[in-house]
Amino acid sequence: MHDLWVKFHNLVNESPSIPILFGLGTVYLSYYLLYVGKKPYIAAKQGGYLQKFVLKYCPSVQKKFWPTFWCFEARAQTILRALLQKGPKFDYTESEPLSLPDGGQVKLDWYCDEKKDDPKQPTVLILPGLTGSSDDCYIRIFVKITADLGYRAVVFNNRGNGGAKLMTPRTYCAADTADLEQVVSHISKKYKDAPLMAMGISLGGIMLGQYVSTRGRSACKLVGAMLLSSGWDIPPNVKFIESPLNMLAINKPCVYNLLNSFKRNMEMFEDQFDVGHILKSSTIREFDERFTSKMFGFASCEAYYQQASLHDKIHQIKIPVLSLNAADDPFSLLETIPVKEMEANDNIACVITSHGGHIGFLDGLWPRRHTYMNRLYAEFVQAVFSHGDELVQS
């Protein structure tokens, strides 16, 4: 032991950088232990039925969330989730093109354990993010979790995404729920005896939030909903992701995906829009100013963002909704989460973790598959379908 100590002492003397690295490591570890790992805050009506339900059946909300030690910063969580995670390999049970009243088309990708499939099997409708589809790894993970729980999963691929053909010069946006209404109606008729809930991620969460807040409990046709990394007040969040570091790490990749999606069908818009001007968009806001807002008849991009925001619609939610947000999410700033409004409505509960980024929530040393987000999703889905009578009674 003495010899080892002497060797270590000599190594330190020969390498002055070692004490510095050791000191920095100690500071990093101390900060992580003291300030990073925390129990999430639950914004919900105190003593309300949904708060009690979540506390009873979702054990993850009562434990500290320890984000991955070496990448707990928001942008690292956001970017590395996309780089590290690998989705499970499987073939969807059925790919169903769904024709819409205006001649457009979306695609529904279905998956379940065929041995367990029956008309009464509960179903989860999954709405991907901005340019996401059923092929994305995070969607495939949610689909597999759903099937492993014994339920049917169906992914809603927006117009032009996931192999869905763009049949008309019309796409989709966060403020428009007409297509989603058709999808919910179709699923409800196809499996009329099966309970249906929905889960939306990022833009899909905003769209789902719009849907549930503008329809009553029965008209909604959902027994529950879950929103993951959804934005609540869009204008300040869009402004924040235009700051220099966020512009490079987050805004630019999103615009790149938006433009690639637009390019696949841009010939359909040449008579209506200045295609060249749209292709020069360098931010999400510019793309929405030049294309999205005009496509859906808004007077301005700001008018579109105001309509798409959910912070002033919380009081209209009539079905049980669980939301998961990270306090450091660059797409959903903590100060824009309508905590007071949530605490006044018994039908919504928002789990807010101190870290997690945007659709990140990575934990464990090497987060390749399951994350805090995935565990909470599994817990809530299982609770809704196994103990839904408690929600109906409430």
# chains A, B, ... in the order shown; residues from 1 in each chain; ligands from 1

$ closest_atom_pairs --of "range 194-280 of chain A" --to "range 343-356 of chain A" --cutoff "10 Å" --atoms "only C-alpha atoms" --output "tab-separated table"
residue	atom	partner	partner_atom	distance
A:Gly224	CA	A:Asn347	CA	9.7
A:Ala225	CA	A:Ile348	CA	9.5
A:Met226	CA	A:Ile348	CA	9.6
A:Leu227	CA	A:Cys350	CA	8.9
A:Leu228	CA	A:Cys350	CA	9.8
A:Ser229	CA	A:Gly356	CA	9.4

$ residues_around --residues "range 295-297 of chain A" --least-positions-apart "4" --cutoff "10 Å" --atoms "only C-alpha atoms" --output "list in words"
Pro169, Arg170, Thr171, Tyr172, Cys173, Ala175, Asp176, Phe269, Gln272, Phe273, Asp288, Glu289, Arg290, Phe291, Ala303 and Tyr304 of chain A

$ residues_around --residues "Cys137 in chain A" --least-positions-apart "5" --cutoff "12 Å" --atoms "only C-alpha atoms" --output "list in words"
Arg81, Ala82, Leu83, Leu84, Gln85, Lys86, Gly87, Pro88, Lys89, Phe90, Pro128, Gly129, Gly132, Phe142, Val143, Lys144, Ile359, Arg368, Arg369 and His370 of chain A

$ residues_around --residues "Val339 in chain A" --least-positions-apart "2" --cutoff "8 Å" --atoms "only C-alpha atoms" --output "ChimeraX atom specification"
/A:43-44,337,341-343

$ closest_residue --among "A:Leu333, A:Leu322, A:Leu248, A:Leu365" --to "Gln51 in chain A" --atoms "only C-alpha atoms"
A:Leu322

$ select_by_dssp --residues "range 280-392 of chain A" --states "helix (DSSP H, G or I)" --output "PyMOL selection string"
chain A and resi 284-295+301-308+314-316+334-336+339-342+372-386+388-392

$ write_last_selection --atoms "N, CA and C atoms" --output "short mmCIF file (atom, residue, chain, number, x, y, z; two decimals), in the first residue's frame"
data_model
loop_
_atom_site.label_atom_id
_atom_site.label_comp_id
_atom_site.auth_asym_id
_atom_site.auth_seq_id
_atom_site.Cartn_x
_atom_site.Cartn_y
_atom_site.Cartn_z
N ILE A 284 -36.74 28.52 -37.58
CA ILE A 284 -38.10 27.99 -37.55
C ILE A 284 -39.10 29.11 -37.77
N ARG A 285 -38.83 30.27 -37.15
CA ARG A 285 -39.74 31.40 -37.29
C ARG A 285 -39.85 31.83 -38.76
N GLU A 286 -38.73 31.91 -39.46
CA GLU A 286 -38.77 32.32 -40.87
C GLU A 286 -39.56 31.32 -41.70
N PHE A 287 -39.37 30.03 -41.43
CA PHE A 287 -40.13 29.01 -42.17
C PHE A 287 -41.62 29.16 -41.91
N ASP A 288 -41.98 29.40 -40.65
CA ASP A 288 -43.39 29.56 -40.30
C ASP A 288 -43.97 30.86 -40.86
N GLU A 289 -43.16 31.91 -40.94
CA GLU A 289 -43.61 33.17 -41.52
C GLU A 289 -43.90 33.03 -43.01
N ARG A 290 -43.00 32.33 -43.69
CA ARG A 290 -43.07 32.25 -45.15
C ARG A 290 -43.97 31.12 -45.66
N PHE A 291 -44.23 30.14 -44.79
CA PHE A 291 -45.00 28.98 -45.27
C PHE A 291 -46.14 28.58 -44.34
N THR A 292 -45.83 28.12 -43.13
CA THR A 292 -46.87 27.52 -42.26
C THR A 292 -48.03 28.46 -41.98
N SER A 293 -47.73 29.67 -41.51
CA SER A 293 -48.81 30.59 -41.14
C SER A 293 -49.67 30.96 -42.35
N LYS A 294 -49.03 31.15 -43.51
CA LYS A 294 -49.78 31.47 -44.72
C LYS A 294 -50.62 30.28 -45.19
N MET A 295 -50.06 29.09 -45.07
CA MET A 295 -50.76 27.88 -45.48
C MET A 295 -52.11 27.75 -44.76
N CYS A 301 -47.18 35.30 -38.55
CA CYS A 301 -46.59 34.20 -37.80
C CYS A 301 -46.94 34.31 -36.32
N GLU A 302 -46.97 35.55 -35.81
CA GLU A 302 -47.29 35.78 -34.40
C GLU A 302 -48.72 35.32 -34.10
N ALA A 303 -49.64 35.57 -35.04
CA ALA A 303 -51.03 35.14 -34.85
C ALA A 303 -51.11 33.61 -34.80
N TYR A 304 -50.32 32.95 -35.63
CA TYR A 304 -50.27 31.48 -35.63
C TYR A 304 -49.75 30.97 -34.28
N TYR A 305 -48.65 31.56 -33.80
CA TYR A 305 -48.07 31.12 -32.55
C TYR A 305 -49.02 31.35 -31.37
N GLN A 306 -49.74 32.46 -31.39
CA GLN A 306 -50.69 32.73 -30.32
C GLN A 306 -51.81 31.70 -30.32
N GLN A 307 -52.31 31.37 -31.49
CA GLN A 307 -53.39 30.39 -31.60
C GLN A 307 -52.92 29.00 -31.19
N ALA A 308 -51.67 28.66 -31.51
CA ALA A 308 -51.14 27.33 -31.20
C ALA A 308 -50.77 27.16 -29.73
N ILE A 314 -55.87 25.94 -20.63
CA ILE A 314 -55.81 24.90 -19.60
C ILE A 314 -57.18 24.67 -18.94
N HIS A 315 -57.90 25.74 -18.69
CA HIS A 315 -59.20 25.63 -18.00
C HIS A 315 -60.24 24.87 -18.82
N GLN A 316 -59.98 24.68 -20.13
CA GLN A 316 -60.94 24.01 -21.00
C GLN A 316 -60.76 22.49 -21.03
N LEU A 334 -39.30 27.24 -18.43
CA LEU A 334 -40.00 27.01 -17.17
C LEU A 334 -41.03 28.10 -16.88
N GLU A 335 -40.65 29.36 -17.14
CA GLU A 335 -41.57 30.46 -16.83
C GLU A 335 -42.78 30.50 -17.76
N THR A 336 -42.76 29.72 -18.83
CA THR A 336 -43.92 29.69 -19.73
C THR A 336 -44.87 28.54 -19.42
N VAL A 339 -48.25 26.96 -14.53
CA VAL A 339 -48.37 26.19 -13.29
C VAL A 339 -49.64 26.56 -12.52
N LYS A 340 -49.92 27.85 -12.35
CA LYS A 340 -51.09 28.27 -11.59
C LYS A 340 -52.39 27.77 -12.22
N GLU A 341 -52.44 27.86 -13.54
CA GLU A 341 -53.65 27.40 -14.24
C GLU A 341 -53.81 25.88 -14.08
N MET A 342 -52.70 25.15 -14.10
CA MET A 342 -52.76 23.71 -13.91
C MET A 342 -53.21 23.34 -12.50
N TYR A 372 -36.30 8.13 -18.24
CA TYR A 372 -37.33 8.54 -17.29
C TYR A 372 -38.66 8.79 -18.03
N MET A 373 -38.57 9.39 -19.18
CA MET A 373 -39.75 9.67 -19.99
C MET A 373 -40.48 8.38 -20.37
N ASN A 374 -39.73 7.36 -20.76
CA ASN A 374 -40.33 6.09 -21.14
C ASN A 374 -40.97 5.39 -19.95
N ARG A 375 -40.32 5.45 -18.80
CA ARG A 375 -40.88 4.79 -17.61
C ARG A 375 -42.18 5.44 -17.17
N LEU A 376 -42.20 6.78 -17.16
CA LEU A 376 -43.42 7.48 -16.75
C LEU A 376 -44.55 7.20 -17.73
N TYR A 377 -44.22 7.14 -19.01
CA TYR A 377 -45.22 6.81 -20.02
C TYR A 377 -45.83 5.44 -19.74
N ALA A 378 -44.99 4.44 -19.49
CA ALA A 378 -45.46 3.08 -19.23
C ALA A 378 -46.35 3.05 -17.98
N GLU A 379 -45.93 3.77 -16.95
CA GLU A 379 -46.71 3.78 -15.70
C GLU A 379 -48.09 4.41 -15.90
N PHE A 380 -48.13 5.51 -16.61
CA PHE A 380 -49.42 6.20 -16.78
C PHE A 380 -50.35 5.43 -17.69
N VAL A 381 -49.83 4.88 -18.78
CA VAL A 381 -50.66 4.09 -19.70
C VAL A 381 -51.25 2.89 -18.96
N GLN A 382 -50.39 2.19 -18.22
CA GLN A 382 -50.86 1.03 -17.47
C GLN A 382 -51.92 1.43 -16.45
N ALA A 383 -51.72 2.57 -15.80
CA ALA A 383 -52.67 3.04 -14.79
C ALA A 383 -54.01 3.40 -15.41
N VAL A 384 -53.99 4.10 -16.53
CA VAL A 384 -55.23 4.53 -17.18
C VAL A 384 -56.06 3.33 -17.62
N PHE A 385 -55.39 2.33 -18.21
CA PHE A 385 -56.14 1.18 -18.71
C PHE A 385 -56.50 0.17 -17.62
N SER A 386 -55.72 0.13 -16.55
CA SER A 386 -56.00 -0.84 -15.47
C SER A 386 -56.88 -0.27 -14.38
N GLY A 388 -58.81 2.78 -14.84
CA GLY A 388 -59.56 3.87 -15.44
C GLY A 388 -60.89 4.14 -14.78
N ASP A 389 -61.42 3.12 -14.07
CA ASP A 389 -62.69 3.33 -13.39
C ASP A 389 -62.58 4.45 -12.34
N GLU A 390 -61.39 4.60 -11.77
CA GLU A 390 -61.18 5.66 -10.78
C GLU A 390 -61.25 7.04 -11.45
N LEU A 391 -60.79 7.12 -12.68
CA LEU A 391 -60.84 8.39 -13.41
C LEU A 391 -62.27 8.71 -13.85
N VAL A 392 -63.00 7.68 -14.29
CA VAL A 392 -64.38 7.88 -14.73
C VAL A 392 -65.26 8.33 -13.57
#

$ select_by_dssp --residues "range 22-242 of chain A" --states "strand (DSSP E)" --output "PDB file with C-alpha atoms, in the first residue's frame"
ATOM      1  CA  TYR A  41     -42.456  19.113  -9.027  1.00  0.00           C
ATOM      2  CA  ILE A  42     -46.048  18.136  -9.764  1.00  0.00           C
ATOM      3  CA  ALA A  43     -48.221  21.041 -10.869  1.00  0.00           C
ATOM      4  CA  GLU A  94     -50.448  -2.812 -40.569  1.00  0.00           C
ATOM      5  CA  SER A  95     -49.823   0.427 -42.478  1.00  0.00           C
ATOM      6  CA  GLU A  96     -53.148   2.072 -43.229  1.00  0.00           C
ATOM      7  CA  PRO A  97     -53.543   5.089 -45.526  1.00  0.00           C
ATOM      8  CA  LEU A  98     -56.456   7.197 -44.315  1.00  0.00           C
ATOM      9  CA  SER A  99     -58.211   9.455 -46.807  1.00  0.00           C
ATOM     10  CA  GLN A 105     -54.125  11.553 -46.769  1.00  0.00           C
ATOM     11  CA  VAL A 106     -52.408  10.560 -43.517  1.00  0.00           C
ATOM     12  CA  LYS A 107     -50.951   7.172 -42.635  1.00  0.00           C
ATOM     13  CA  LEU A 108     -51.625   5.093 -39.544  1.00  0.00           C
ATOM     14  CA  ASP A 109     -49.018   2.505 -38.563  1.00  0.00           C
ATOM     15  CA  TRP A 110     -50.436  -0.171 -36.253  1.00  0.00           C
ATOM     16  CA  TYR A 111     -48.568  -2.531 -33.961  1.00  0.00           C
ATOM     17  CA  THR A 123     -55.268   1.382 -27.885  1.00  0.00           C
ATOM     18  CA  VAL A 124     -52.739   4.204 -27.612  1.00  0.00           C
ATOM     19  CA  LEU A 125     -52.594   6.777 -30.411  1.00  0.00           C
ATOM     20  CA  ILE A 126     -49.080   8.242 -30.693  1.00  0.00           C
ATOM     21  CA  LEU A 127     -48.403  11.667 -32.254  1.00  0.00           C
ATOM     22  CA  ARG A 152     -52.331  -1.841 -29.258  1.00  0.00           C
ATOM     23  CA  ALA A 153     -50.281   1.119 -30.573  1.00  0.00           C
ATOM     24  CA  VAL A 154     -51.058   3.249 -33.612  1.00  0.00           C
ATOM     25  CA  VAL A 155     -48.807   6.031 -34.896  1.00  0.00           C
ATOM     26  CA  PHE A 156     -50.358   9.053 -36.599  1.00  0.00           C
ATOM     27  CA  ASN A 157     -48.080  10.083 -39.493  1.00  0.00           C
ATOM     28  CA  LEU A 196     -58.510   4.841 -26.543  1.00  0.00           C
ATOM     29  CA  MET A 197     -55.947   7.218 -25.103  1.00  0.00           C
ATOM     30  CA  ALA A 198     -53.408   9.408 -26.899  1.00  0.00           C
ATOM     31  CA  MET A 199     -49.851  10.576 -26.348  1.00  0.00           C
ATOM     32  CA  GLY A 200     -48.164  13.463 -28.172  1.00  0.00           C
ATOM     33  CA  ILE A 201     -44.517  14.483 -28.241  1.00  0.00           C
ATOM     34  CA  GLY A 224     -56.868  10.088 -21.170  1.00  0.00           C
ATOM     35  CA  ALA A 225     -53.931  11.867 -22.766  1.00  0.00           C
ATOM     36  CA  MET A 226     -50.228  12.410 -22.154  1.00  0.00           C
ATOM     37  CA  LEU A 227     -48.114  15.319 -23.415  1.00  0.00           C
ATOM     38  CA  LEU A 228     -44.324  15.032 -23.548  1.00  0.00           C
TER      39      LEU A 228
END

$ atom_distance --atom1 "CA of Lys64 in chain A" --atom2 "CA of Gly37 in chain A"
5.8 Å

$ atom_distance --atom1 "CA of Lys38 in chain A" --atom2 "CA of Val238 in chain A"
27.4 Å

$ closest_residue --among "A:Leu222, A:Ala164, A:Leu33, A:Ser282" --to "Glu242 in chain A" --atoms "only C-alpha atoms"
A:Ser282

$ atom_distance --atom1 "CA of Tyr49 in chain A" --atom2 "CA of His311 in chain A"
21.5 Å
